[in-house]
file entry-v3.txt (compact mmCIF, C-alpha atoms)
# COMPACT_ATOMS: atom_id res chain seq x y z
CA MET A 24 20.43 27.85 -21.08
CA ASN A 25 18.29 30.91 -21.78
CA ARG A 26 18.14 34.04 -19.67
CA ARG A 27 15.03 32.97 -17.80
CA HIS A 28 16.54 29.71 -16.62
CA ARG A 29 19.91 31.28 -15.78
CA ARG A 30 18.17 33.62 -13.34
CA ILE A 31 16.25 30.80 -11.69
CA ALA A 32 19.31 28.57 -11.50
CA THR A 33 21.28 31.36 -9.83
CA THR A 34 18.54 31.78 -7.24
CA VAL A 35 18.33 28.07 -6.42
CA ALA A 36 22.06 27.65 -5.96
CA GLY A 37 22.09 29.18 -2.48
CA ALA A 38 19.19 27.02 -1.40
CA SER A 39 20.99 23.90 -2.64
CA ILE A 40 24.01 24.64 -0.46
CA MET A 41 21.76 24.89 2.58
CA ALA A 42 19.93 21.70 1.60
CA MET A 43 23.25 19.87 1.37
CA ALA A 44 24.11 20.90 4.89
CA LEU A 45 20.73 19.88 6.25
CA ALA A 46 20.44 16.61 4.37
CA ALA A 47 23.97 15.43 3.71
CA CYS A 48 23.03 11.83 4.37
CA GLY A 49 20.43 12.05 1.61
CA GLY A 50 22.94 13.44 -0.87
CA ALA A 51 21.00 16.64 -1.56
CA GLY A 52 22.66 19.06 -3.94
CA GLY A 53 23.08 20.02 -7.56
CA SER A 54 23.34 17.37 -10.25
CA THR A 55 25.93 18.97 -12.49
CA GLY A 56 29.15 16.98 -12.60
CA ALA A 57 32.61 18.39 -12.04
CA ASP A 58 33.05 18.81 -15.77
CA GLY A 59 29.74 20.67 -16.13
CA GLY A 60 28.07 17.63 -17.70
CA ASP A 61 24.42 16.86 -18.21
CA GLN A 62 21.81 17.36 -15.51
CA GLU A 63 18.71 15.32 -14.83
CA VAL A 64 15.69 15.27 -12.55
CA ASN A 65 13.64 12.24 -11.51
CA VAL A 66 9.90 12.93 -11.28
CA LEU A 67 7.26 10.66 -9.74
CA MET A 68 3.71 11.60 -10.71
CA VAL A 69 0.09 10.54 -11.15
CA ASN A 70 -1.12 9.44 -14.59
CA ASN A 71 -3.79 12.10 -15.11
CA PRO A 72 -4.22 13.55 -18.63
CA GLN A 73 -2.46 16.83 -17.78
CA MET A 74 0.64 14.89 -16.73
CA VAL A 75 0.55 12.87 -19.95
CA ASP A 76 0.63 16.15 -21.87
CA LEU A 77 3.61 17.25 -19.77
CA GLN A 78 5.54 14.14 -20.76
CA LYS A 79 4.92 14.83 -24.43
CA LEU A 80 6.18 18.40 -24.25
CA THR A 81 9.19 18.09 -21.94
CA ALA A 82 11.95 16.98 -24.30
CA ASP A 83 11.37 19.54 -27.05
CA ALA A 84 10.71 22.43 -24.69
CA PHE A 85 12.32 22.08 -21.26
CA THR A 86 15.20 19.71 -21.99
CA ALA A 87 16.11 21.36 -25.27
CA ASP A 88 16.17 24.73 -23.52
CA THR A 89 17.97 23.81 -20.30
CA GLY A 90 19.88 20.60 -21.03
CA ILE A 91 18.10 18.96 -18.06
CA LYS A 92 16.82 15.47 -18.79
CA VAL A 93 13.58 14.54 -17.02
CA ASN A 94 12.98 10.91 -16.05
CA TYR A 95 9.28 10.34 -15.40
CA THR A 96 7.72 7.53 -13.37
CA VAL A 97 3.96 7.64 -13.91
CA LEU A 98 1.49 5.57 -11.87
CA PRO A 99 -2.28 5.38 -11.21
CA GLU A 100 -3.53 7.53 -8.34
CA ASN A 101 -3.72 4.93 -5.58
CA ASP A 102 -0.33 3.46 -6.54
CA VAL A 103 1.44 6.79 -6.81
CA ARG A 104 0.11 7.95 -3.43
CA ALA A 105 1.51 4.82 -1.77
CA LYS A 106 4.87 5.12 -3.54
CA ILE A 107 5.25 8.83 -2.76
CA SER A 108 4.44 8.22 0.89
CA GLN A 109 7.04 5.46 1.09
CA GLU A 110 9.65 7.47 -0.82
CA PHE A 111 9.30 10.69 1.17
CA SER A 112 8.88 9.13 4.61
CA SER A 113 12.07 7.12 4.13
CA GLN A 114 13.86 10.04 2.40
CA ALA A 115 15.19 7.50 -0.05
CA GLY A 116 16.29 10.18 -2.50
CA GLN A 117 15.38 8.15 -5.58
CA TYR A 118 13.03 10.87 -6.81
CA ASP A 119 13.68 14.60 -6.77
CA VAL A 120 10.15 15.81 -7.50
CA ALA A 121 6.75 14.28 -6.88
CA SER A 122 3.15 15.25 -7.58
CA ILE A 123 1.90 15.82 -4.05
CA SER A 124 -1.14 17.78 -2.94
CA ASN A 125 -2.38 20.27 -0.41
CA TYR A 126 -3.29 17.27 1.74
CA GLU A 127 0.31 16.07 2.15
CA VAL A 128 2.13 19.42 2.32
CA PRO A 129 1.42 20.34 5.98
CA PHE A 130 2.78 17.16 7.56
CA TYR A 131 5.43 16.44 4.91
CA ALA A 132 6.81 19.88 5.71
CA THR A 133 6.57 19.37 9.46
CA ASN A 134 8.45 16.09 9.11
CA GLY A 135 11.24 17.77 7.15
CA TRP A 136 10.62 15.80 3.98
CA LEU A 137 10.30 18.78 1.61
CA THR A 138 12.61 21.54 0.43
CA PRO A 139 11.02 25.02 0.83
CA LEU A 140 10.45 26.85 -2.45
CA GLY A 141 10.08 30.40 -1.21
CA ASP A 142 13.71 31.34 -1.89
CA THR A 143 13.87 29.53 -5.22
CA VAL A 144 10.88 29.17 -7.52
CA ALA A 145 8.59 31.62 -5.73
CA ALA A 146 11.36 34.24 -5.55
CA SER A 147 11.64 34.48 -9.33
CA ALA A 148 9.95 37.62 -10.65
CA GLU A 149 9.35 35.85 -13.94
CA PHE A 150 7.56 32.96 -12.22
CA ASP A 151 5.27 35.55 -10.57
CA GLN A 152 4.07 33.92 -7.37
CA GLY A 153 1.53 36.70 -6.96
CA ASP A 154 -0.30 35.38 -10.01
CA ILE A 155 -0.98 32.05 -8.27
CA LEU A 156 -4.54 32.02 -6.92
CA GLU A 157 -4.51 32.80 -3.22
CA PRO A 158 -6.38 29.63 -2.14
CA MET A 159 -3.69 27.55 -3.86
CA THR A 160 -0.74 29.38 -2.32
CA LYS A 161 -2.37 29.22 1.10
CA SER A 162 -3.10 25.51 0.81
CA LEU A 163 0.53 24.73 -0.12
CA THR A 164 2.03 26.81 2.69
CA ALA A 165 2.83 25.03 5.95
CA ALA A 166 2.36 26.19 9.52
CA ASP A 167 5.86 27.71 9.54
CA GLY A 168 4.73 30.17 6.86
CA LYS A 169 6.95 28.66 4.16
CA LEU A 170 5.78 27.60 0.70
CA TYR A 171 6.62 23.94 0.03
CA ALA A 172 4.97 23.17 -3.32
CA GLU A 173 3.83 24.87 -6.50
CA PRO A 174 0.55 23.89 -8.19
CA PHE A 175 0.65 22.15 -11.53
CA TYR A 176 -3.09 22.56 -11.67
CA GLY A 177 -5.79 23.39 -9.18
CA GLU A 178 -9.29 22.12 -8.92
CA SER A 179 -12.58 22.21 -7.12
CA SER A 180 -15.58 20.03 -7.94
CA PHE A 181 -18.73 20.52 -9.96
CA LEU A 182 -21.46 18.61 -11.77
CA MET A 183 -21.00 17.84 -15.47
CA TYR A 184 -23.95 16.82 -17.64
CA ARG A 185 -24.93 16.15 -21.24
CA LYS A 186 -26.89 19.21 -22.38
CA ASP A 187 -28.10 17.49 -25.54
CA VAL A 188 -29.48 14.53 -23.60
CA PHE A 189 -31.25 16.81 -21.14
CA ASP A 190 -32.71 18.92 -23.94
CA ALA A 191 -34.00 15.85 -25.75
CA ALA A 192 -35.67 14.69 -22.54
CA GLY A 193 -37.14 18.13 -21.83
CA LEU A 194 -35.14 18.46 -18.60
CA THR A 195 -33.51 21.54 -17.10
CA MET A 196 -30.40 21.45 -14.93
CA PRO A 197 -30.40 24.10 -12.17
CA ASP A 198 -27.30 26.29 -11.91
CA LYS A 199 -27.04 25.29 -8.24
CA PRO A 200 -28.65 21.86 -7.95
CA THR A 201 -29.43 20.00 -4.76
CA TRP A 202 -28.50 16.35 -4.39
CA ASP A 203 -32.21 15.45 -4.30
CA GLN A 204 -32.65 17.13 -7.68
CA VAL A 205 -29.61 15.30 -9.04
CA ALA A 206 -31.06 11.96 -7.93
CA GLU A 207 -34.36 12.75 -9.66
CA LEU A 208 -32.59 13.81 -12.85
CA ALA A 209 -30.39 10.70 -12.81
CA ALA A 210 -33.51 8.55 -12.79
CA GLU A 211 -34.99 10.55 -15.69
CA VAL A 212 -31.95 10.25 -17.97
CA ASP A 213 -31.06 6.66 -17.06
CA GLY A 214 -31.50 4.84 -20.37
CA ALA A 215 -32.04 8.07 -22.35
CA GLU A 216 -29.65 6.62 -24.93
CA ASP A 217 -28.79 3.00 -25.55
CA GLY A 218 -26.54 1.80 -22.73
CA MET A 219 -26.49 5.16 -20.96
CA LYS A 220 -26.72 5.37 -17.17
CA GLY A 221 -27.85 8.41 -15.23
CA ILE A 222 -24.66 9.38 -13.41
CA CYS A 223 -21.07 8.40 -12.69
CA LEU A 224 -19.77 8.56 -9.12
CA ARG A 225 -16.46 7.17 -7.95
CA GLY A 226 -16.71 3.84 -6.17
CA GLN A 227 -13.11 2.65 -6.30
CA PRO A 228 -11.46 2.10 -2.91
CA GLY A 229 -9.01 4.76 -1.77
CA TRP A 230 -9.23 7.95 0.26
CA GLY A 231 -8.53 9.94 -2.89
CA GLN A 232 -10.99 7.90 -4.91
CA VAL A 233 -14.44 7.13 -3.48
CA TYR A 234 -13.96 9.03 -0.23
CA ALA A 235 -12.97 12.31 -1.90
CA PRO A 236 -16.36 13.01 -3.50
CA LEU A 237 -18.21 11.12 -0.80
CA THR A 238 -16.73 13.25 2.01
CA SER A 239 -17.90 16.38 0.20
CA VAL A 240 -21.39 14.85 0.10
CA VAL A 241 -21.14 14.03 3.82
CA ASN A 242 -20.31 17.68 4.55
CA THR A 243 -23.33 19.07 2.76
CA PHE A 244 -25.64 16.46 4.33
CA GLY A 245 -24.58 17.85 7.73
CA GLY A 246 -22.09 15.13 8.62
CA THR A 247 -18.42 15.17 9.56
CA TRP A 248 -15.66 12.69 10.36
CA PHE A 249 -14.94 14.42 13.69
CA ASP A 250 -16.60 17.15 15.74
CA GLU A 251 -14.55 20.03 17.14
CA ASP A 252 -13.63 17.97 20.24
CA TRP A 253 -12.30 15.09 18.12
CA THR A 254 -15.28 12.86 18.80
CA ALA A 255 -15.66 10.45 15.88
CA GLN A 256 -18.89 10.97 13.91
CA ALA A 257 -18.45 8.48 11.08
CA ASP A 258 -21.65 6.58 11.92
CA SER A 259 -23.77 9.58 12.94
CA PRO A 260 -27.25 9.84 11.38
CA GLU A 261 -26.07 12.59 9.01
CA PHE A 262 -22.96 10.69 7.92
CA THR A 263 -24.97 7.51 7.44
CA GLU A 264 -27.67 9.32 5.47
CA ALA A 265 -25.08 10.76 3.10
CA VAL A 266 -23.41 7.39 2.52
CA GLN A 267 -26.77 5.66 2.03
CA PHE A 268 -27.79 8.31 -0.49
CA TYR A 269 -24.51 8.01 -2.41
CA VAL A 270 -24.56 4.21 -2.47
CA ASP A 271 -28.22 4.04 -3.49
CA LEU A 272 -27.74 6.61 -6.25
CA VAL A 273 -24.77 4.87 -7.83
CA ARG A 274 -26.33 1.40 -7.45
CA GLU A 275 -29.64 2.45 -8.98
CA HIS A 276 -28.51 4.86 -11.70
CA GLY A 277 -24.71 4.73 -11.75
CA GLU A 278 -22.13 3.38 -14.13
CA ASN A 279 -21.41 -0.29 -14.74
CA GLY A 280 -18.64 -1.62 -12.50
CA ALA A 281 -19.08 1.31 -10.13
CA ALA A 282 -17.31 -0.39 -7.23
CA GLN A 283 -14.04 -0.21 -9.18
CA ALA A 284 -14.60 3.07 -11.01
CA GLY A 285 -12.36 5.99 -10.11
CA TYR A 286 -11.61 9.34 -11.71
CA THR A 287 -10.20 7.88 -14.92
CA GLU A 288 -13.04 5.41 -15.39
CA CYS A 289 -15.70 8.09 -14.89
CA LEU A 290 -13.90 10.43 -17.30
CA ASN A 291 -13.94 7.69 -19.93
CA ASN A 292 -17.59 6.88 -19.22
CA LEU A 293 -18.71 10.46 -19.79
CA GLN A 294 -16.53 10.84 -22.90
CA GLN A 295 -17.84 7.62 -24.42
CA GLY A 296 -21.52 8.40 -23.81
CA ASN A 297 -22.01 5.77 -21.13
CA VAL A 298 -23.36 8.23 -18.54
CA ALA A 299 -25.35 11.47 -18.68
CA MET A 300 -23.85 13.14 -15.57
CA TRP A 301 -20.70 13.08 -13.48
CA TYR A 302 -19.87 14.77 -10.17
CA ASP A 303 -16.11 15.20 -9.82
CA SER A 304 -13.09 17.42 -10.32
CA THR A 305 -13.28 20.63 -12.32
CA ALA A 306 -9.97 19.59 -13.90
CA ALA A 307 -11.83 16.98 -15.96
CA ALA A 308 -13.42 19.65 -18.14
CA GLY A 309 -10.21 20.28 -20.06
CA SER A 310 -10.14 16.69 -21.29
CA LEU A 311 -13.87 16.65 -21.99
CA GLU A 312 -13.64 19.80 -24.13
CA ALA A 313 -10.44 18.82 -25.94
CA ASP A 314 -10.57 18.81 -29.74
CA ASP A 315 -10.49 15.02 -29.90
CA SER A 316 -13.18 14.50 -27.24
CA PRO A 317 -16.39 12.86 -28.52
CA VAL A 318 -18.47 15.08 -26.20
CA LYS A 319 -16.80 18.41 -26.93
CA GLY A 320 -19.47 21.12 -26.94
CA LYS A 321 -22.17 18.80 -25.62
CA LEU A 322 -21.65 19.37 -21.90
CA GLY A 323 -22.88 21.78 -19.28
CA TYR A 324 -21.17 22.54 -15.96
CA VAL A 325 -22.91 23.63 -12.77
CA ALA A 326 -22.01 24.07 -9.11
CA ALA A 327 -21.38 21.08 -6.85
CA PRO A 328 -24.72 19.80 -5.54
CA VAL A 329 -25.76 20.73 -2.00
CA LYS A 330 -28.23 19.80 0.71
CA GLU A 331 -27.70 21.65 4.01
CA THR A 332 -24.82 23.95 3.01
CA ALA A 333 -24.60 26.86 0.58
CA SER A 334 -21.79 25.21 -1.39
CA SER A 335 -19.89 21.94 -1.38
CA GLY A 336 -17.07 22.15 -3.92
CA TRP A 337 -13.71 20.86 -2.71
CA LEU A 338 -10.26 22.43 -2.99
CA TYR A 339 -7.33 20.44 -4.31
CA SER A 340 -4.09 20.85 -6.18
CA TRP A 341 -1.80 18.37 -7.82
CA ALA A 342 1.39 20.22 -7.04
CA TRP A 343 5.15 19.76 -7.33
CA GLY A 344 7.22 19.20 -4.21
CA ILE A 345 10.97 18.61 -3.94
CA GLN A 346 12.13 15.77 -1.73
CA LYS A 347 14.65 17.10 0.82
CA ALA A 348 16.87 14.07 0.16
CA GLY A 349 16.69 14.45 -3.61
CA LYS A 350 20.07 14.53 -5.28
CA ASN A 351 19.22 17.06 -7.98
CA GLN A 352 17.91 20.07 -6.07
CA ASP A 353 18.83 22.75 -8.62
CA ALA A 354 17.42 20.83 -11.56
CA ALA A 355 14.30 20.01 -9.54
CA ALA A 356 13.62 23.67 -8.78
CA GLU A 357 14.18 24.60 -12.41
CA PHE A 358 11.77 21.89 -13.55
CA ILE A 359 9.06 23.15 -11.19
CA ALA A 360 9.63 26.75 -12.28
CA TRP A 361 8.91 25.63 -15.84
CA ALA A 362 6.11 23.10 -15.24
CA SER A 363 4.03 25.55 -13.16
CA SER A 364 4.81 28.64 -15.23
CA LYS A 365 2.81 30.92 -17.50
CA GLU A 366 5.24 29.87 -20.22
CA TYR A 367 4.20 26.23 -19.89
CA GLU A 368 0.50 27.11 -20.03
CA GLN A 369 1.16 29.06 -23.24
CA LEU A 370 2.98 26.05 -24.66
CA VAL A 371 0.07 23.71 -23.91
CA GLY A 372 -2.37 26.15 -25.42
CA GLU A 373 -0.39 26.40 -28.63
CA LYS A 374 0.67 22.76 -28.99
CA ILE A 375 -2.27 20.81 -27.55
CA GLY A 376 -5.18 23.22 -27.18
CA TRP A 377 -6.23 25.89 -24.73
CA SER A 378 -8.92 23.77 -23.11
CA SER A 379 -6.15 21.36 -22.05
CA VAL A 380 -4.14 23.97 -20.17
CA PRO A 381 -3.46 22.80 -16.57
CA ALA A 382 -5.52 25.63 -15.14
CA GLY A 383 -6.98 26.38 -11.74
CA LYS A 384 -3.81 27.96 -10.40
CA ARG A 385 -3.16 31.33 -12.06
CA ALA A 386 -5.32 34.44 -12.18
CA SER A 387 -3.80 35.34 -15.56
CA THR A 388 -5.17 32.14 -17.08
CA TYR A 389 -8.73 33.29 -16.50
CA ASP A 390 -7.96 36.69 -18.05
CA ASN A 391 -6.43 35.10 -21.15
CA ALA A 392 -8.67 35.65 -24.17
CA ASP A 393 -7.45 32.48 -25.91
CA TYR A 394 -8.23 30.40 -22.84
CA GLN A 395 -11.62 32.03 -22.37
CA ALA A 396 -12.54 31.31 -25.98
CA SER A 397 -11.57 27.65 -25.74
CA ALA A 398 -12.77 27.00 -22.18
CA GLY A 399 -15.90 29.12 -22.35
CA ALA A 400 -18.12 26.23 -21.30
CA PHE A 401 -16.43 25.79 -17.93
CA TYR A 402 -13.73 28.31 -17.03
CA GLN A 403 -15.96 30.69 -15.04
CA GLN A 404 -17.60 27.86 -13.13
CA THR A 405 -14.14 26.48 -12.30
CA GLU A 406 -12.75 29.80 -11.09
CA ASP A 407 -15.87 30.43 -9.00
CA ALA A 408 -15.67 26.98 -7.42
CA ILE A 409 -11.98 27.36 -6.51
CA THR A 410 -12.21 30.88 -5.12
CA THR A 411 -15.32 30.13 -3.01
CA ALA A 412 -14.14 26.82 -1.56
CA ASN A 413 -13.75 27.07 2.22
CA PRO A 414 -11.58 24.31 3.72
CA ASP A 415 -11.80 25.88 7.17
CA ASP A 416 -15.60 25.71 7.33
CA PRO A 417 -16.95 23.16 4.84
CA GLY A 418 -19.97 21.88 6.78
CA VAL A 419 -22.60 22.84 9.31
CA GLN A 420 -20.48 22.48 12.46
CA PRO A 421 -17.00 23.54 13.68
CA ARG A 422 -14.17 21.16 12.76
CA PRO A 423 -10.92 20.31 14.57
CA ALA A 424 -8.89 20.39 11.34
CA PRO A 425 -9.36 21.95 7.89
CA GLY A 426 -10.25 20.09 4.72
CA ILE A 427 -13.26 19.57 2.47
CA GLN A 428 -12.79 16.21 0.74
CA PHE A 429 -10.30 15.14 3.41
CA VAL A 430 -9.37 15.90 7.00
CA ALA A 431 -5.94 17.53 7.09
CA ILE A 432 -4.24 15.09 9.46
CA PRO A 433 -1.64 12.45 8.56
CA GLU A 434 -3.85 9.60 9.77
CA PHE A 435 -6.69 10.41 7.41
CA ALA A 436 -5.20 8.68 4.37
CA ASP A 437 -4.87 5.30 6.05
CA MET A 438 -8.13 5.62 7.98
CA ALA A 439 -10.24 6.61 4.98
CA THR A 440 -8.53 4.15 2.65
CA GLN A 441 -9.39 1.29 4.99
CA ALA A 442 -12.94 2.59 5.43
CA SER A 443 -13.33 2.98 1.68
CA GLN A 444 -13.02 -0.76 1.20
CA GLU A 445 -16.35 -1.18 2.97
CA ILE A 446 -17.98 1.61 0.98
CA SER A 447 -16.93 -0.07 -2.26
CA ALA A 448 -18.26 -3.35 -0.92
CA ALA A 449 -21.61 -1.67 -0.19
CA ILE A 450 -21.71 -0.30 -3.73
CA ALA A 451 -21.03 -3.82 -4.99
CA GLY A 452 -23.89 -5.14 -2.83
CA GLN A 453 -21.55 -7.20 -0.64
CA THR A 454 -22.30 -5.42 2.63
CA SER A 455 -24.78 -2.93 4.07
CA VAL A 456 -24.23 0.78 4.53
CA THR A 457 -24.86 0.32 8.26
CA ASP A 458 -22.01 -2.16 8.50
CA ALA A 459 -19.78 -0.03 6.27
CA VAL A 460 -20.11 3.11 8.39
CA ALA A 461 -19.73 1.08 11.58
CA GLU A 462 -16.32 -0.04 10.33
CA GLY A 463 -15.45 3.54 9.48
CA GLN A 464 -16.50 4.66 12.96
CA GLN A 465 -14.16 2.15 14.61
CA LEU A 466 -11.27 3.42 12.51
CA ALA A 467 -12.16 7.04 13.25
CA GLU A 468 -12.38 6.37 16.99
CA LYS A 469 -8.82 5.02 17.02
CA VAL A 470 -7.59 8.19 15.34
CA ALA A 471 -9.67 10.39 17.64
CA GLU A 472 -8.12 8.85 20.76
CA LYS A 473 -4.70 10.21 19.80
CA TYR A 474 -5.95 13.76 19.37
CA GLN A 475 -8.19 13.71 22.44
CA GLU A 476 -5.19 12.76 24.55

call {"tool": "encode", "arguments": {"input": "entry-v3.txt", "output": "structure tokens"}}
result
Amino acid sequence: MNRRHRRIATTVAGASIMAMALAACGGAGGSTGADGGDQEVNVLMVNNPQMVDLQKLTADAFTADTGIKVNYTVLPENDVRAKISQEFSSQAGQYDVASISNYEVPFYATNGWLTPLGDTVAASAEFDQGDILEPMTKSLTAADGKLYAEPFYGESSFLMYRKDVFDAAGLTMPDKPTWDQVAELAAEVDGAEDGMKGICLRGQPGWGQVYAPLTSVVNTFGGTWFDEDWTAQADSPEFTEAVQFYVDLVREHGENGAAQAGYTECLNNLQQGNVAMWYDSTAAAGSLEADDSPVKGKLGYVAAPVKETASSGWLYSWAWGIQKAGKNQDAAAEFIAWASSKEYEQLVGEKIGWSSVPAGKRASTYDNADYQASAGAFYQQTEDAITTANPDDPGVQPRPAPGIQFVAIPEFADMATQASQEISAAIAGQTSVTDAVAEGQQLAEKVAEKYQE
């Protein structure tokens, strides 16, 4: 074990003793055997490209350095969300670390499902918590003031488009487009190349799939899930207008199979030349500008489209949280200290390419000349989107809870996932937008009753 990891391991030891006392039934504690044998950590995570890179690099870097074996379970987004929720709510202890987000942290922490990281990872001078972008640290800190997760990468949202296709068509993309302009441009570039559609928008059911980008559209159209008094607004004129716009746009000029297209499908569509535009996560740019990407150097990146608001980009982090009942607390903390470190970003830059660095979390990344050179097409737009995102005031009216692409309450995931089924059905032409938002309103009213009481 090198000096860096010895220091971190020493720091986490005290926290592990406390975790054992608090969660004895879950078997929390270090994983080293009585004879000082091998350690391991079980990690449950989403199958995004940055996590695939992590898998490739772990054995030769982290395990070789620390002796800690990492067992990964990797699942698609909707599946991993369901499994993480089940695992953490039951405190089953099967997994030590999971890729959670700033959505889950507040209520996972309140429920006692997470181990605080402030005295372990964040306390390490070498990890340098101060280098983590303030919006990320704030979003992963619970109401008790404790930090419960570290970002693997952070993201906002922006619009990605094929510069070469626009140039050939004599079209100009504004730096800060409106959604009306985007709709007009989508119509212009639809069919610009053989088999090419105007835009890709998520249509796959799931609160983290179709309703993530759609809720950001609702905000900028003047809508909201709830007003400040917890009155449900999911079928208001503004909410309905936003949904109708989104459904019409993707039906008229969107990707094939839109009702089942999520983040991964849209990423593939833009890479393979099947669409000319895509509104989604800033994290996608790293994959799009990778050396093996067919569209490397062909894309432009501009601010998230707006209508009634000055901005509309979301704020999100795929982050690492330690299950309180996890059996390998020390190894888990050491894994997080590596996977979210400057050292790991340097490793990705050198081994895979600087555009693939899991960015959006550290100020130093955006000051790194190697990263700037490789990510010149998008790094400034990404940093601007993250640092200007405002989860506390994302729309045109006061809100009862923070959140841009979600409402930061435990009930939102189930509510929006159920409602998303109807949105996907509307995209597929199986129901009307009026009926879809009416179903969403009923679900929202049930949630609102609890908070109004």

call {"tool": "closest_residue", "arguments": {"input": "entry-v3.txt", "among": "A:Glu406, A:Asp119, A:Asp190, A:Asp151", "to": "Leu322 in chain A", "atoms": "all atoms listed in the file"}}
result
A:Asp190

call {"tool": "residues_around", "arguments": {"input": "entry-v3.txt", "residues": "Gln444 in chain A", "least_positions_apart": "2", "cutoff": "12 Å", "atoms": "only C-alpha atoms", "output": "number ranges by chain"}}
result
A: 226-230, 232-234, 282-283, 437-442, 446-451, 453-454, 456, 458-460, 462-463

call {"tool": "closest_residue", "arguments": {"input": "entry-v3.txt", "among": "A:Leu98, A:Ala87, A:Leu170, A:Met300", "to": "Asp187 in chain A", "atoms": "all atoms listed in the file"}}
result
A:Met300

call {"tool": "atom_distance", "arguments": {"input": "entry-v3.txt", "atom1": "CA of Ala382 in chain A", "atom2": "CA of Lys106 in chain A"}}
result
25.8 Å

call {"tool": "closest_residue", "arguments": {"input": "entry-v3.txt", "among": "A:Asp271, A:Asp83, A:Glu288, A:Glu211", "to": "Asn71 in chain A", "atoms": "only C-alpha atoms"}}
result
A:Glu288

call {"tool": "atom_distance", "arguments": {"input": "entry-v3.txt", "atom1": "CA of Tyr126 in chain A", "atom2": "CA of Gly372 in chain A"}}
result
28.6 Å

call {"tool": "closest_residue", "arguments": {"input": "entry-v3.txt", "among": "A:Asp393, A:Glu368, A:Glu264, A:Asp250", "to": "Glu468 in chain A", "atoms": "all atoms listed in the file"}}
result
A:Asp250

call {"tool": "atom_distance", "arguments": {"input": "entry-v3.txt", "atom1": "CA of Ser180 in chain A", "atom2": "CA of Cys289 in chain A"}}
result
13.8 Å

call {"tool": "closest_residue", "arguments": {"input": "entry-v3.txt", "among": "A:Leu311, A:Leu466, A:Ala265, A:Ile375", "to": "Gln295 in chain A", "atoms": "all atoms listed in the file"}}
result
A:Leu311

call {"tool": "closest_residue", "arguments": {"input": "entry-v3.txt", "among": "A:Asn297, A:Gln475, A:Asn242, A:Thr411", "to": "Leu338 in chain A", "atoms": "only C-alpha atoms"}}
result
A:Thr411

call {"tool": "residues_around", "arguments": {"input": "entry-v3.txt", "residues": "Lys473 in chain A", "least_positions_apart": "6", "cutoff": "12 Å", "atoms": "only C-alpha atoms", "output": "list in words"}}
result
Asp252, Trp253, Thr254, Ala255, Ile432, Pro433, Glu434, Leu466 and Ala467 of chain A

call {"tool": "residues_near_point", "arguments": {"input": "entry-v3.txt", "point": "(8.6, 25.3, -1.2)", "cutoff": "12 Å", "atoms": "only C-alpha atoms", "output": "MDAnalysis selection string"}}
result
chainID A and resid 35 38 120 123 128:129 131:132 135:146 152 160:165 167:174 342:347 352 355:356 359:360

call {"tool": "build_atoms", "arguments": {"input": "entry-v3.txt", "residues": "range 126-136 of chain A", "atoms": "N, CA and C atoms", "output": "CSV table (one decimal), in the coordinates of the input"}}
result
chain,number,residue,atom,x,y,z
A,126,TYR,N,-3.1,18.2,0.6
A,126,TYR,CA,-3.3,17.3,1.7
A,126,TYR,C,-2.0,16.9,2.4
A,127,GLU,N,-1.0,16.5,1.6
A,127,GLU,CA,0.3,16.1,2.2
A,127,GLU,C,1.2,17.2,2.6
A,128,VAL,N,1.2,18.4,2.0
A,128,VAL,CA,2.1,19.4,2.3
A,128,VAL,C,2.3,19.7,3.8
A,129,PRO,N,1.2,19.9,4.6
A,129,PRO,CA,1.4,20.3,6.0
A,129,PRO,C,2.3,19.4,6.8
A,130,PHE,N,2.0,18.1,6.7
A,130,PHE,CA,2.8,17.2,7.6
A,130,PHE,C,4.1,16.7,6.9
A,131,TYR,N,4.1,16.7,5.6
A,131,TYR,CA,5.4,16.4,4.9
A,131,TYR,C,6.4,17.5,5.3
A,132,ALA,N,5.9,18.8,5.3
A,132,ALA,CA,6.8,19.9,5.7
A,132,ALA,C,7.2,19.8,7.2
A,133,THR,N,6.3,19.5,8.0
A,133,THR,CA,6.6,19.4,9.5
A,133,THR,C,7.6,18.3,9.7
A,134,ASN,N,7.5,17.2,8.9
A,134,ASN,CA,8.4,16.1,9.1
A,134,ASN,C,9.8,16.3,8.5
A,135,GLY,N,10.0,17.5,7.8
A,135,GLY,CA,11.2,17.8,7.2
A,135,GLY,C,11.5,17.0,5.9
A,136,TRP,N,10.5,16.6,5.2
A,136,TRP,CA,10.6,15.8,4.0
A,136,TRP,C,10.7,16.6,2.7
